[in-house]
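Novice: So that you have it, the file is start04.txt, and it contains compact mmCIF, C-alpha atoms:
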```txt
# COMPACT_ATOMS: atom_id res chain seq x y z
CA MET A 1 -135.43 67.80 -22.05
CA GLN A 2 -134.55 65.07 -24.49
CA TRP A 3 -130.95 66.19 -24.28
CA LEU A 4 -130.91 66.15 -20.50
CA ALA A 5 -132.42 62.68 -20.48
CA SER A 6 -129.74 61.37 -22.79
CA ILE A 7 -127.00 62.70 -20.50
CA GLY A 8 -128.69 61.02 -17.57
CA ARG A 9 -129.12 57.73 -19.43
CA ASN A 10 -125.48 57.68 -20.52
CA THR A 11 -124.31 58.40 -16.99
CA ILE A 12 -126.46 55.64 -15.52
CA ASP A 13 -125.24 53.21 -18.20
CA THR A 14 -121.60 54.07 -17.58
CA VAL A 15 -121.86 53.78 -13.82
CA GLY A 16 -123.76 50.54 -14.22
CA ALA A 17 -121.05 49.13 -16.47
CA PHE A 18 -118.37 50.03 -13.95
CA GLY A 19 -120.40 48.33 -11.24
CA ARG A 20 -120.87 45.15 -13.28
CA ALA A 21 -117.17 45.14 -14.20
CA PHE A 22 -116.24 45.42 -10.55
CA LEU A 23 -118.62 42.66 -9.50
CA MET A 24 -117.22 40.41 -12.23
CA LEU A 25 -113.71 41.11 -10.97
CA LEU A 26 -114.67 40.32 -7.39
CA GLY A 27 -116.38 37.11 -8.42
CA ALA A 28 -113.36 36.01 -10.42
CA VAL A 29 -110.64 36.96 -7.97
CA ILE A 30 -112.08 36.51 -4.50
CA ALA A 31 -112.67 32.85 -3.82
CA LYS A 32 -110.99 29.89 -2.20
CA PRO A 33 -107.89 29.20 -4.32
CA GLN A 34 -108.01 25.83 -6.05
CA LEU A 35 -104.48 25.57 -7.31
CA ILE A 36 -104.63 21.98 -8.57
CA LYS A 37 -107.72 22.60 -10.65
CA ASN A 38 -106.93 26.09 -11.90
CA THR A 39 -103.19 26.03 -12.59
CA PRO A 40 -103.49 23.93 -15.78
CA LEU A 41 -106.28 26.21 -17.02
CA THR A 42 -104.13 29.27 -16.37
CA ILE A 43 -101.11 27.72 -18.09
CA LYS A 44 -103.26 26.95 -21.14
CA GLN A 45 -104.32 30.61 -21.20
CA ILE A 46 -100.75 31.85 -20.75
CA TYR A 47 -100.00 29.87 -23.88
CA VAL A 48 -102.88 31.46 -25.79
CA VAL A 49 -102.37 35.00 -24.47
CA GLY A 50 -98.61 35.13 -23.97
CA VAL A 51 -96.75 32.63 -26.12
CA GLN A 52 -98.83 33.30 -29.19
CA SER A 53 -98.18 37.05 -28.85
CA LEU A 54 -94.46 36.44 -28.70
CA LEU A 55 -93.79 36.77 -32.41
CA ILE A 56 -95.38 40.20 -32.83
CA ILE A 57 -93.69 41.45 -29.63
CA VAL A 58 -90.22 40.28 -30.65
CA VAL A 59 -90.50 41.61 -34.21
CA SER A 60 -91.83 45.01 -33.18
CA GLY A 61 -89.35 45.30 -30.33
CA LEU A 62 -86.50 44.61 -32.72
CA PHE A 63 -87.66 47.15 -35.25
CA ILE A 64 -88.48 49.85 -32.71
CA GLY A 65 -85.02 49.49 -31.20
CA MET A 66 -83.45 49.68 -34.63
CA VAL A 67 -85.46 52.73 -35.70
CA MET A 68 -84.67 54.54 -32.47
CA ALA A 69 -80.97 53.88 -32.87
CA LEU A 70 -81.09 55.17 -36.44
CA GLN A 71 -83.07 58.30 -35.60
CA GLY A 72 -81.10 58.97 -32.43
CA TYR A 73 -77.79 58.54 -34.22
CA THR A 74 -78.55 61.10 -36.94
CA ILE A 75 -79.42 63.68 -34.28
CA LEU A 76 -76.75 62.86 -31.71
CA VAL A 77 -73.90 62.70 -34.21
CA GLY A 78 -74.46 66.40 -34.91
CA TYR A 79 -73.40 67.14 -31.33
CA GLY A 80 -70.64 64.57 -31.32
CA ALA A 81 -72.62 62.74 -28.66
CA GLU A 82 -73.31 59.45 -30.47
CA GLY A 83 -71.91 57.68 -27.42
CA SER A 84 -75.16 58.55 -25.66
CA LEU A 85 -77.07 56.33 -28.08
CA GLY A 86 -77.06 53.42 -25.63
CA PRO A 87 -78.74 55.24 -22.73
CA MET A 88 -81.17 56.95 -25.11
CA VAL A 89 -82.39 53.64 -26.53
CA ALA A 90 -82.36 51.83 -23.19
CA LEU A 91 -84.09 54.55 -21.18
CA SER A 92 -86.84 55.20 -23.71
CA LEU A 93 -87.49 51.47 -24.04
CA LEU A 94 -87.44 50.67 -20.34
CA ARG A 95 -89.39 53.68 -19.18
CA GLU A 96 -91.92 54.29 -21.92
CA LEU A 97 -91.89 52.34 -25.14
CA GLY A 98 -91.50 48.89 -23.62
CA PRO A 99 -94.54 49.11 -21.37
CA VAL A 100 -96.71 51.25 -23.64
CA VAL A 101 -96.10 49.67 -27.05
CA THR A 102 -96.31 46.19 -25.56
CA ALA A 103 -99.59 47.18 -23.94
CA LEU A 104 -101.02 48.54 -27.19
CA LEU A 105 -99.95 45.46 -29.14
CA PHE A 106 -101.23 43.23 -26.36
CA ALA A 107 -104.60 44.97 -26.44
CA GLY A 108 -104.82 44.44 -30.19
CA ARG A 109 -103.45 40.92 -30.29
CA ALA A 110 -104.66 39.29 -27.08
CA GLY A 111 -107.34 41.63 -25.70
CA SER A 112 -109.52 41.51 -28.79
CA ALA A 113 -109.20 37.72 -28.94
CA LEU A 114 -110.28 37.40 -25.31
CA THR A 115 -113.32 39.59 -25.89
CA ALA A 116 -114.37 37.72 -29.03
CA GLU A 117 -113.89 34.34 -27.37
CA ILE A 118 -115.89 35.12 -24.24
CA GLY A 119 -118.49 37.06 -26.23
CA LEU A 120 -119.05 34.07 -28.49
CA MET A 121 -119.24 31.77 -25.48
CA LYS A 122 -122.01 34.00 -24.20
CA ALA A 123 -123.79 34.19 -27.55
CA THR A 124 -123.74 30.42 -28.00
CA GLU A 125 -124.93 30.05 -24.39
CA GLN A 126 -121.90 28.10 -23.26
CA LEU A 127 -121.64 30.30 -20.19
CA SER A 128 -125.26 29.58 -19.23
CA SER A 129 -124.69 25.87 -19.79
CA LEU A 130 -121.73 25.97 -17.41
CA GLU A 131 -123.94 27.63 -14.82
CA MET A 132 -126.58 24.94 -15.35
CA MET A 133 -123.93 22.35 -14.51
CA ALA A 134 -123.16 24.28 -11.33
CA VAL A 135 -119.78 25.41 -12.65
CA ASP A 136 -119.16 29.07 -11.98
CA PRO A 137 -118.07 30.63 -15.31
CA LEU A 138 -116.33 33.43 -13.40
CA ARG A 139 -114.08 30.85 -11.80
CA ARG A 140 -113.72 28.49 -14.73
CA ILE A 141 -113.53 30.92 -17.69
CA VAL A 142 -112.81 34.44 -16.43
CA ALA A 143 -110.29 33.91 -13.62
CA PRO A 144 -107.69 31.87 -15.60
CA ARG A 145 -107.76 34.40 -18.43
CA LEU A 146 -107.41 37.34 -16.06
CA TRP A 147 -104.41 35.81 -14.30
CA ALA A 148 -102.86 34.71 -17.59
CA GLY A 149 -103.06 38.29 -18.91
CA ILE A 150 -101.60 39.78 -15.74
CA ILE A 151 -98.75 37.26 -15.77
CA SER A 152 -97.99 37.29 -19.49
CA MET A 153 -97.90 40.97 -20.35
CA PRO A 154 -95.07 42.02 -18.03
CA MET A 155 -93.07 39.08 -19.37
CA LEU A 156 -93.74 40.23 -22.92
CA ALA A 157 -92.69 43.78 -22.01
CA ILE A 158 -89.38 42.59 -20.53
CA ILE A 159 -88.68 40.62 -23.70
CA PHE A 160 -89.68 43.63 -25.78
CA SER A 161 -87.22 45.95 -24.01
CA ALA A 162 -84.36 43.46 -24.16
CA VAL A 163 -84.91 42.74 -27.85
CA GLY A 164 -85.19 46.48 -28.54
CA ILE A 165 -81.85 47.17 -26.85
CA LEU A 166 -80.28 44.41 -28.93
CA GLY A 167 -81.89 45.91 -32.06
CA GLY A 168 -80.41 49.27 -31.16
CA HIS A 169 -77.06 47.53 -30.81
CA VAL A 170 -77.41 45.97 -34.26
CA VAL A 171 -78.03 49.33 -35.95
CA GLY A 172 -75.96 51.61 -33.72
CA VAL A 173 -72.87 49.48 -33.24
CA ASP A 174 -72.77 46.94 -36.05
CA TRP A 175 -74.00 49.21 -38.81
CA LEU A 176 -73.33 52.85 -37.88
CA GLY A 177 -70.10 52.19 -35.99
CA VAL A 178 -70.78 53.52 -32.50
CA ASP A 179 -68.22 52.02 -30.17
CA ALA A 180 -69.63 48.84 -28.60
CA GLY A 181 -67.91 49.54 -25.29
CA SER A 182 -69.40 52.98 -24.92
CA TYR A 183 -72.84 51.73 -26.03
CA TRP A 184 -72.96 49.36 -23.06
CA SER A 185 -70.89 51.26 -20.50
CA ILE A 186 -72.67 54.62 -20.82
CA MET A 187 -75.95 52.71 -20.77
CA GLN A 188 -74.89 51.01 -17.57
CA SER A 189 -73.88 54.24 -15.92
CA SER A 190 -77.18 55.97 -16.63
CA VAL A 191 -79.77 53.20 -16.25
CA ASP A 192 -80.80 52.46 -12.70
CA TRP A 193 -82.42 49.20 -11.65
CA ASN A 194 -85.03 50.59 -9.26
CA GLU A 195 -85.59 53.90 -10.95
CA ASP A 196 -85.95 52.65 -14.51
CA VAL A 197 -86.40 48.89 -14.76
CA VAL A 198 -88.60 48.30 -11.73
CA ASN A 199 -90.76 51.35 -12.43
CA GLY A 200 -91.25 50.14 -16.00
CA ILE A 201 -92.30 46.71 -14.74
CA ILE A 202 -94.76 48.26 -12.29
CA LYS A 203 -96.27 50.11 -15.24
CA THR A 204 -96.68 46.90 -17.21
CA PHE A 205 -98.48 45.22 -14.32
CA VAL A 206 -100.95 48.11 -14.16
CA PHE A 207 -101.46 48.03 -17.93
CA ALA A 208 -101.81 44.25 -17.98
CA PHE A 209 -104.49 44.34 -15.32
CA VAL A 210 -106.44 47.14 -17.01
CA ILE A 211 -106.30 45.63 -20.50
CA THR A 212 -107.25 42.13 -19.42
CA TRP A 213 -110.02 43.40 -17.20
CA ILE A 214 -111.50 45.56 -19.97
CA ALA A 215 -111.18 42.76 -22.53
CA ILE A 216 -112.82 40.11 -20.38
CA PHE A 217 -115.54 42.41 -19.15
CA LYS A 218 -116.40 43.56 -22.66
CA GLY A 219 -116.77 39.94 -23.74
CA TYR A 220 -118.70 38.95 -20.63
CA ASP A 221 -121.00 41.96 -20.95
CA ALA A 222 -121.41 41.83 -24.74
CA ILE A 223 -124.84 41.82 -26.35
CA PRO A 224 -125.04 38.17 -27.50
CA THR A 225 -125.39 38.80 -31.21
CA SER A 226 -122.77 38.91 -33.96
CA GLU A 227 -123.13 42.70 -34.05
CA GLY A 228 -122.77 42.95 -30.30
CA ILE A 229 -119.58 40.89 -30.31
CA SER A 230 -118.05 42.94 -33.09
CA LYS A 231 -118.89 46.13 -31.20
CA ALA A 232 -117.46 44.72 -27.98
CA THR A 233 -114.22 43.72 -29.70
CA THR A 234 -113.77 47.18 -31.17
CA GLU A 235 -114.51 48.80 -27.84
CA THR A 236 -111.95 46.59 -26.12
CA VAL A 237 -109.16 47.81 -28.37
CA VAL A 238 -110.26 51.45 -28.24
CA PHE A 239 -110.92 51.63 -24.51
CA SER A 240 -107.86 49.72 -23.42
CA SER A 241 -105.58 51.76 -25.70
CA LEU A 242 -107.00 54.99 -24.31
CA ALA A 243 -106.77 53.70 -20.75
CA VAL A 244 -103.15 52.68 -21.28
CA LEU A 245 -102.11 56.03 -22.72
CA GLY A 246 -103.95 57.99 -20.03
CA LEU A 247 -102.64 55.84 -17.19
CA ASP A 248 -99.16 56.03 -18.64
CA PHE A 249 -99.14 59.79 -18.24
CA ILE A 250 -100.34 59.55 -14.65
CA LEU A 251 -97.84 56.82 -13.75
CA THR A 252 -94.98 58.67 -15.42
CA ALA A 253 -95.84 61.84 -13.55
CA LEU A 254 -95.92 59.91 -10.28
CA MET A 255 -92.71 57.96 -10.92
CA PHE A 256 -90.42 60.29 -12.79
CA GLY A 257 -92.12 63.68 -12.58
CA ILE A 258 -91.01 64.93 -9.20
CA GLU A 259 -87.39 64.72 -8.30
CA MET B 1 -102.58 20.92 -29.30
CA SER B 2 -101.73 18.50 -26.53
CA SER B 3 -101.33 19.89 -23.05
CA ARG B 4 -97.72 18.63 -22.92
CA LYS B 5 -96.79 20.80 -25.87
CA VAL B 6 -98.56 23.78 -24.28
CA GLU B 7 -96.58 23.27 -21.11
CA ILE B 8 -93.30 23.09 -23.03
CA MET B 9 -94.07 26.29 -24.89
CA VAL B 10 -95.04 28.14 -21.70
CA GLY B 11 -91.84 26.87 -20.10
CA LEU B 12 -89.91 28.23 -23.06
CA PHE B 13 -91.72 31.56 -22.65
CA VAL B 14 -90.70 31.75 -18.99
CA VAL B 15 -87.09 30.88 -19.82
CA LEU B 16 -87.04 33.53 -22.54
CA THR B 17 -88.37 36.13 -20.08
CA LEU B 18 -85.74 35.20 -17.54
CA ALA B 19 -83.04 35.49 -20.19
CA ALA B 20 -84.32 38.92 -21.20
CA GLY B 21 -84.49 40.03 -17.58
CA LEU B 22 -80.97 38.77 -17.02
CA LEU B 23 -79.74 40.69 -20.05
CA LEU B 24 -81.31 43.87 -18.66
CA ALA B 25 -79.92 43.22 -15.20
CA LEU B 26 -76.40 42.39 -16.26
CA LYS B 27 -75.81 44.44 -19.39
CA ALA B 28 -78.05 47.49 -19.18
CA VAL B 29 -78.07 48.42 -15.50
CA ASN B 30 -75.28 49.84 -13.41
CA GLN B 31 -74.07 47.47 -10.76
CA GLY B 32 -72.68 50.43 -8.84
CA MET B 33 -71.80 50.22 -5.19
CA SER B 34 -75.45 50.65 -4.30
CA ASN B 35 -76.03 46.92 -4.08
CA GLY B 36 -74.36 45.74 -0.99
CA ALA B 37 -70.64 46.40 -1.50
CA GLU B 38 -68.83 47.73 1.56
CA THR B 39 -68.50 51.51 1.57
CA TYR B 40 -67.54 54.30 3.92
CA THR B 41 -68.70 57.89 3.85
CA LEU B 42 -66.63 61.05 3.56
CA TYR B 43 -67.90 64.61 3.57
CA ALA B 44 -66.71 67.64 1.69
CA LYS B 45 -67.88 71.26 1.83
CA PHE B 46 -67.89 73.24 -1.40
CA ASP B 47 -68.73 76.86 -2.17
CA ASN B 48 -70.62 75.83 -5.28
CA ILE B 49 -71.43 72.36 -6.52
CA GLY B 50 -72.55 73.39 -10.00
CA GLY B 51 -74.52 70.57 -11.60
CA LEU B 52 -73.38 67.78 -9.31
CA LYS B 53 -76.13 65.27 -8.54
CA ALA B 54 -76.61 62.35 -6.19
CA ARG B 55 -75.14 59.22 -7.81
CA SER B 56 -72.49 61.22 -9.70
CA ALA B 57 -69.16 59.41 -9.86
CA VAL B 58 -66.15 59.96 -7.61
CA LYS B 59 -62.97 59.34 -9.57
CA VAL B 60 -59.30 59.04 -8.80
CA GLY B 61 -57.35 59.53 -11.97
CA GLY B 62 -60.37 58.49 -14.02
CA VAL B 63 -61.10 55.33 -12.01
CA ILE B 64 -64.46 55.30 -10.26
CA VAL B 65 -63.91 54.69 -6.55
CA GLY B 66 -67.30 55.78 -5.26
CA ARG B 67 -70.46 57.78 -5.80
CA VAL B 68 -72.08 60.91 -4.43
CA ASP B 69 -74.53 59.73 -1.80
CA SER B 70 -76.39 62.91 -0.96
CA ILE B 71 -76.08 66.67 -1.22
CA SER B 72 -77.37 68.98 1.49
CA LEU B 73 -76.92 72.51 2.76
CA ASP B 74 -74.97 73.05 5.95
CA PRO B 75 -77.42 74.81 8.33
CA ASP B 76 -74.79 77.23 9.68
CA GLY B 77 -72.96 79.00 6.89
CA TYR B 78 -75.25 77.76 4.13
CA THR B 79 -72.54 75.97 2.20
CA PRO B 80 -73.30 72.78 0.29
CA VAL B 81 -72.13 69.57 1.95
CA VAL B 82 -71.59 66.57 -0.31
CA ALA B 83 -71.55 63.05 1.15
CA LEU B 84 -69.30 60.70 -0.79
CA LYS B 85 -69.69 56.94 -0.53
CA ILE B 86 -66.26 55.43 -1.23
CA SER B 87 -65.67 51.75 -1.76
CA GLN B 88 -64.07 50.05 1.24
CA GLU B 89 -61.49 48.67 -1.20
CA TYR B 90 -59.89 52.12 -1.24
CA ASN B 91 -59.64 53.06 2.43
CA LYS B 92 -56.07 54.33 2.69
CA PHE B 93 -56.47 57.91 1.45
CA PRO B 94 -54.41 60.31 3.59
CA GLU B 95 -55.99 63.35 5.25
CA THR B 96 -54.16 65.67 2.90
CA SER B 97 -56.27 64.49 -0.05
CA SER B 98 -58.28 67.07 -1.94
CA VAL B 99 -61.48 66.94 -3.96
CA SER B 100 -62.67 69.13 -6.81
CA ILE B 101 -65.77 69.15 -8.98
CA LEU B 102 -64.85 68.51 -12.58
CA THR B 103 -66.74 68.16 -15.84
CA SER B 104 -66.19 65.31 -18.26
CA GLY B 105 -65.83 67.06 -21.59
CA LEU B 106 -67.05 70.58 -22.22
CA LEU B 107 -70.75 69.80 -21.84
CA GLY B 108 -70.59 66.42 -20.11
CA GLU B 109 -71.86 65.48 -16.69
CA GLN B 110 -70.05 66.62 -13.57
CA TYR B 111 -68.18 64.32 -11.25
CA VAL B 112 -66.01 64.58 -8.16
CA GLY B 113 -62.29 64.38 -8.85
CA PHE B 114 -60.38 62.99 -5.89
CA GLN B 115 -56.64 63.69 -5.58
CA PRO B 116 -54.94 61.53 -2.97
CA GLY B 117 -52.51 63.66 -0.99
CA PHE B 118 -48.99 62.92 0.22
CA SER B 119 -48.63 60.47 3.03
CA ILE B 120 -45.92 60.83 5.65
CA ASP B 121 -45.71 59.85 9.28
CA GLY B 122 -48.19 61.60 11.52
CA ILE B 123 -50.82 62.03 8.83
CA ALA B 124 -53.81 59.82 9.44
CA ASP B 125 -55.96 58.11 6.85
CA LEU B 126 -59.44 59.38 6.07
CA GLY B 127 -62.09 57.27 7.79
CA GLU B 128 -65.85 57.03 8.11
CA GLY B 129 -67.47 60.45 8.59
CA ASP B 130 -64.35 62.56 8.10
CA TYR B 131 -64.48 65.92 6.38
CA ILE B 132 -62.12 66.63 3.50
CA SER B 133 -60.92 70.17 4.07
CA ASP B 134 -59.17 70.88 0.78
CA THR B 135 -61.94 71.37 -1.79
CA LYS B 136 -62.24 73.19 -5.06
CA SER B 137 -65.67 74.24 -6.32
CA ALA B 138 -67.26 73.60 -9.66
CA LEU B 139 -66.33 75.81 -12.53
CA VAL B 140 -69.51 77.69 -13.44
CA LEU B 141 -69.33 78.66 -17.08
CA GLU B 142 -71.69 81.61 -16.67
CA ASP B 143 -69.51 83.12 -13.92
CA LEU B 144 -66.44 82.77 -16.11
CA ILE B 145 -68.16 84.51 -19.00
CA GLY B 146 -69.37 87.20 -16.61
CA GLN B 147 -65.85 87.79 -15.30
CA PHE B 148 -64.52 87.88 -18.82
CA LEU B 149 -67.04 90.50 -19.93
CA PHE B 150 -66.45 92.53 -16.76
CA SER B 151 -62.70 92.60 -17.26
CA LYS B 152 -63.22 93.65 -20.87
CA ASN B 153 -65.07 96.79 -19.75
CA ASP B 154 -62.10 98.14 -17.81
```
Would you write the structure of this file as structure tokens?

Specialist:
Amino acid sequence: MQWLASIGRNTIDTVGAFGRAFLMLLGAVIAKPQLIKNTPLTIKQIYVVGVQSLLIIVVSGLFIGMVMALQGYTILVGYGAEGSLGPMVALSLLRELGPVVTALLFAGRAGSALTAEIGLMKATEQLSSLEMMAVDPLRRIVAPRLWAGIISMPMLAIIFSAVGILGGHVVGVDWLGVDAGSYWSIMQSSVDWNEDVVNGIIKTFVFAFVITWIAIFKGYDAIPTSEGISKATTETVVFSSLAVLGLDFILTALMFGIE
Amino acid sequence: MSSRKVEIMVGLFVVLTLAAGLLLALKAVNQGMSNGAETYTLYAKFDNIGGLKARSAVKVGGVIVGRVDSISLDPDGYTPVVALKISQEYNKFPETSSVSILTSGLLGEQYVGFQPGFSIDGIADLGEGDYISDTKSALVLEDLIGQFLFSKND
């Protein structure tokens, strides 16, 4: 009986959390747009969420491109196919690694910060104070952060892929001596704009939305104690990473699975 | 941090993204004839297309003049029909031209090799929707090996 009750309680809690998350989203997104008031707030958040994540994105993109070129080269050279290094690096970055690794890094770098910030605002009753002054915290705090996340992450992913391809060029062409012409030309003949680049960008928009939503909701819904905030921050990283990896499989199957 | 500095940094971020996007668009993606260039379509019937795919290249002497647009099966006769999109730049191929399915390298991808035929008076140029009658099918490695083994047994 105890066991059955715990299943029921968990289910009710989960469904309740989804409901609250959805209501928060509606409150933040659906309203009369106030561009003059909200654009500066959103730009400030793009700075916090996007620009400050730039360093980690560029460095990891560079190294992932370089490692892939190195690993790919040692395998491909055995078949005399080292010319295919370019498409290998470009396709894996544009289709998978760009969106997914950026999303995971974004969840760790920006998602956790969003949760901690909003959680602390709640714990120190800043959100309630805003409500007392008749300012809707969903509009003033949540909406700019949500939009900033959705705008910034695809931009970060594009930069990640481009830097990774350049990193692959550094290792493959400048160090290991693959012909520069074939690196670019075979890449060009096998990468398609709609098929590969646009599908990758669609993925990043989905990931950006999911991560930012989870991060903000976890902060907004956190138990207002130091323990509660720490738990919420952990859950943000865990849940959004799992969501990204799961969604990535579904999106890949939809986009590339069926010919 | 003053809001001016924030705005400058966000502007820099946007510019960086555009530069990265431009790099992907110009350096990493094929600007094939899919985007807008004038093309015309020719058709060719083959017995066997091997591993030919849509978007495979059509080459004349190694120069890409077009791409495979679509591959379908002719409803009467059940032979594969390949639609070739050729760049309008090359629109003076005579009707005696022939196409064959070739492989780049031993294990490379397959492409359509286009041999322009002789051109004398009375032979028209190939135009939109024409069928190329002189075709040579893909070389299927398994068939060759099969034939080789079969002839060995005699």

Novice: As an exercise, work out the distance from atom CA of A:Leu120 to atom CA of A:Pro137 in Å and give it to one decimal place.

Specialist: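 If I compute the distance from atom CA of A:Leu120 to atom CA of A:Pro137, I get 13.7 Å.
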
Novice: When the cut-off is 9 Å and we count all atoms listed in the file, which residues of chain B are near chain A, given as number ranges by chain?

Specialist: B: 3, 6-7, 9-10, 12-14, 16-21, 23-32

Novice: Would you save the residues from that selection as a PDB file, in the frame of the given file, using C-alpha atoms?

Specialist:
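Ended up saving to part-v7.pdb:
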```
ATOM      1  CA  SER B   3    -101.330  19.890 -23.050  1.00  0.00           C
ATOM      2  CA  VAL B   6     -98.560  23.780 -24.280  1.00  0.00           C
ATOM      3  CA  GLU B   7     -96.580  23.270 -21.110  1.00  0.00           C
ATOM      4  CA  MET B   9     -94.070  26.290 -24.890  1.00  0.00           C
ATOM      5  CA  VAL B  10     -95.040  28.140 -21.700  1.00  0.00           C
ATOM      6  CA  LEU B  12     -89.910  28.230 -23.060  1.00  0.00           C
ATOM      7  CA  PHE B  13     -91.720  31.560 -22.650  1.00  0.00           C
ATOM      8  CA  VAL B  14     -90.700  31.750 -18.990  1.00  0.00           C
ATOM      9  CA  LEU B  16     -87.040  33.530 -22.540  1.00  0.00           C
ATOM     10  CA  THR B  17     -88.370  36.130 -20.080  1.00  0.00           C
ATOM     11  CA  LEU B  18     -85.740  35.200 -17.540  1.00  0.00           C
ATOM     12  CA  ALA B  19     -83.040  35.490 -20.190  1.00  0.00           C
ATOM     13  CA  ALA B  20     -84.320  38.920 -21.200  1.00  0.00           C
ATOM     14  CA  GLY B  21     -84.490  40.030 -17.580  1.00  0.00           C
ATOM     15  CA  LEU B  23     -79.740  40.690 -20.050  1.00  0.00           C
ATOM     16  CA  LEU B  24     -81.310  43.870 -18.660  1.00  0.00           C
ATOM     17  CA  ALA B  25     -79.920  43.220 -15.200  1.00  0.00           C
ATOM     18  CA  LEU B  26     -76.400  42.390 -16.260  1.00  0.00           C
ATOM     19  CA  LYS B  27     -75.810  44.440 -19.390  1.00  0.00           C
ATOM     20  CA  ALA B  28     -78.050  47.490 -19.180  1.00  0.00           C
ATOM     21  CA  VAL B  29     -78.070  48.420 -15.500  1.00  0.00           C
ATOM     22  CA  ASN B  30     -75.280  49.840 -13.410  1.00  0.00           C
ATOM     23  CA  GLN B  31     -74.070  47.470 -10.760  1.00  0.00           C
ATOM     24  CA  GLY B  32     -72.680  50.430  -8.840  1.00  0.00           C
TER      25      GLY B  32
END
```

Novice: As a ChimeraX atom specification, please: the residues near A:Ser182 (cut-off 9 Å, only C-alpha atoms, same-chain neighbours under 6 positions excluded).

Specialist: /A:83-86

Novice: Between atom CA of A:Glu82 and atom CA of B:Ala57, what is the distance in Å, rounded to a tenth?

Specialist: 21.0 Å

Novice: Could you state the separation of atom CA of B:Glu109 and atom CA of B:Gly50 in Å, given to one decimal place?

Specialist: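 Interatomic distance, atom CA of B:Glu109 to atom CA of B:Gly50: 10.4 Å.
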
Novice: Find the residue from A:Glu227, A:Gly111, A:Glu96, A:Ala143 that sits nearest to A:Thr252; use all atoms listed in the file when measuring.

Specialist: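 Smallest separation from A:Thr252 among the options: A:Glu96.
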
Novice: Excluding B:Lys136 and residues on its chain fewer than 4 positions from it, collect all residues at most 10 Å away from it, counting all atoms listed in the file, and give them as a PyMOL selection string.

Specialist: chain B and resi 44-49+98-102+112-113

Novice: May I ask which of the residues A:Gly80, A:Gly257, A:Gly119, A:Gly61 is the closest one to A:Glu195, counting all atoms listed in the file?

Specialist: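 Using all atoms listed in the file, the shortest distance to A:Glu195 belongs to A:Gly257.
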
Novice: Show which residues sit within 10 Å of A:Phe106, as a PyMOL selection string. Count all atoms listed in the file, and ignore same-chain residues fewer than 5 positions away.

Specialist: chain A and resi 49-50+53-54+56-57+100-101+111-112+149+152-153+156-157+207-208+211-212+237+240-241

Novice: As lines of an AutoDock Vina configuration file, please: the centre and edge lengths in Å, to one decimal, of an axis-aligned box enclosing every listed atom of stretch 144-159 of chain A with 4 Å added on each side.

Specialist:
```
center_x = -98.2
center_y = 37.8
center_z = -19.0
size_x = 27.1
size_y = 19.9
size_z = 17.4
```

Novice: Using C-alpha atoms, give me stretch 90-117 of chain B from the structure I just pasted, as a PDB file, in the first residue's frame.

Specialist:
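What ended up in out-v9.pdb:
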```
ATOM      1  CA  TYR B  90      25.972  23.866 -71.701  1.00  0.00           C
ATOM      2  CA  ASN B  91      22.972  23.591 -74.008  1.00  0.00           C
ATOM      3  CA  LYS B  92      24.583  22.608 -77.296  1.00  0.00           C
ATOM      4  CA  PHE B  93      25.008  18.855 -76.838  1.00  0.00           C
ATOM      5  CA  PRO B  94      24.102  16.993 -80.048  1.00  0.00           C
ATOM      6  CA  GLU B  95      21.535  14.188 -80.068  1.00  0.00           C
ATOM      7  CA  THR B  96      24.247  11.619 -80.677  1.00  0.00           C
ATOM      8  CA  SER B  97      25.653  12.141 -77.174  1.00  0.00           C
ATOM      9  CA  SER B  98      25.834   9.153 -74.870  1.00  0.00           C
ATOM     10  CA  VAL B  99      25.761   8.726 -71.106  1.00  0.00           C
ATOM     11  CA  SER B 100      27.236   6.010 -68.922  1.00  0.00           C
ATOM     12  CA  ILE B 101      27.324   5.429 -65.183  1.00  0.00           C
ATOM     13  CA  LEU B 102      30.884   5.500 -63.926  1.00  0.00           C
ATOM     14  CA  THR B 103      32.580   5.164 -60.572  1.00  0.00           C
ATOM     15  CA  SER B 104      35.196   7.590 -59.313  1.00  0.00           C
ATOM     16  CA  GLY B 105      37.964   5.324 -58.100  1.00  0.00           C
ATOM     17  CA  LEU B 106      37.438   1.679 -57.258  1.00  0.00           C
ATOM     18  CA  LEU B 107      35.166   2.272 -54.267  1.00  0.00           C
ATOM     19  CA  GLY B 108      34.189   5.899 -54.825  1.00  0.00           C
ATOM     20  CA  GLU B 109      30.763   7.325 -55.456  1.00  0.00           C
ATOM     21  CA  GLN B 110      29.041   6.847 -58.795  1.00  0.00           C
ATOM     22  CA  TYR B 111      28.396   9.634 -61.253  1.00  0.00           C
ATOM     23  CA  VAL B 112      27.002  10.045 -64.744  1.00  0.00           C
ATOM     24  CA  GLY B 113      29.643  10.363 -67.446  1.00  0.00           C
ATOM     25  CA  PHE B 114      28.394  12.353 -70.412  1.00  0.00           C
ATOM     26  CA  GLN B 115      30.118  11.960 -73.795  1.00  0.00           C
ATOM     27  CA  PRO B 116      29.119  14.640 -76.283  1.00  0.00           C
ATOM     28  CA  GLY B 117      28.590  13.047 -79.677  1.00  0.00           C
TER      29      GLY B 117
END
```
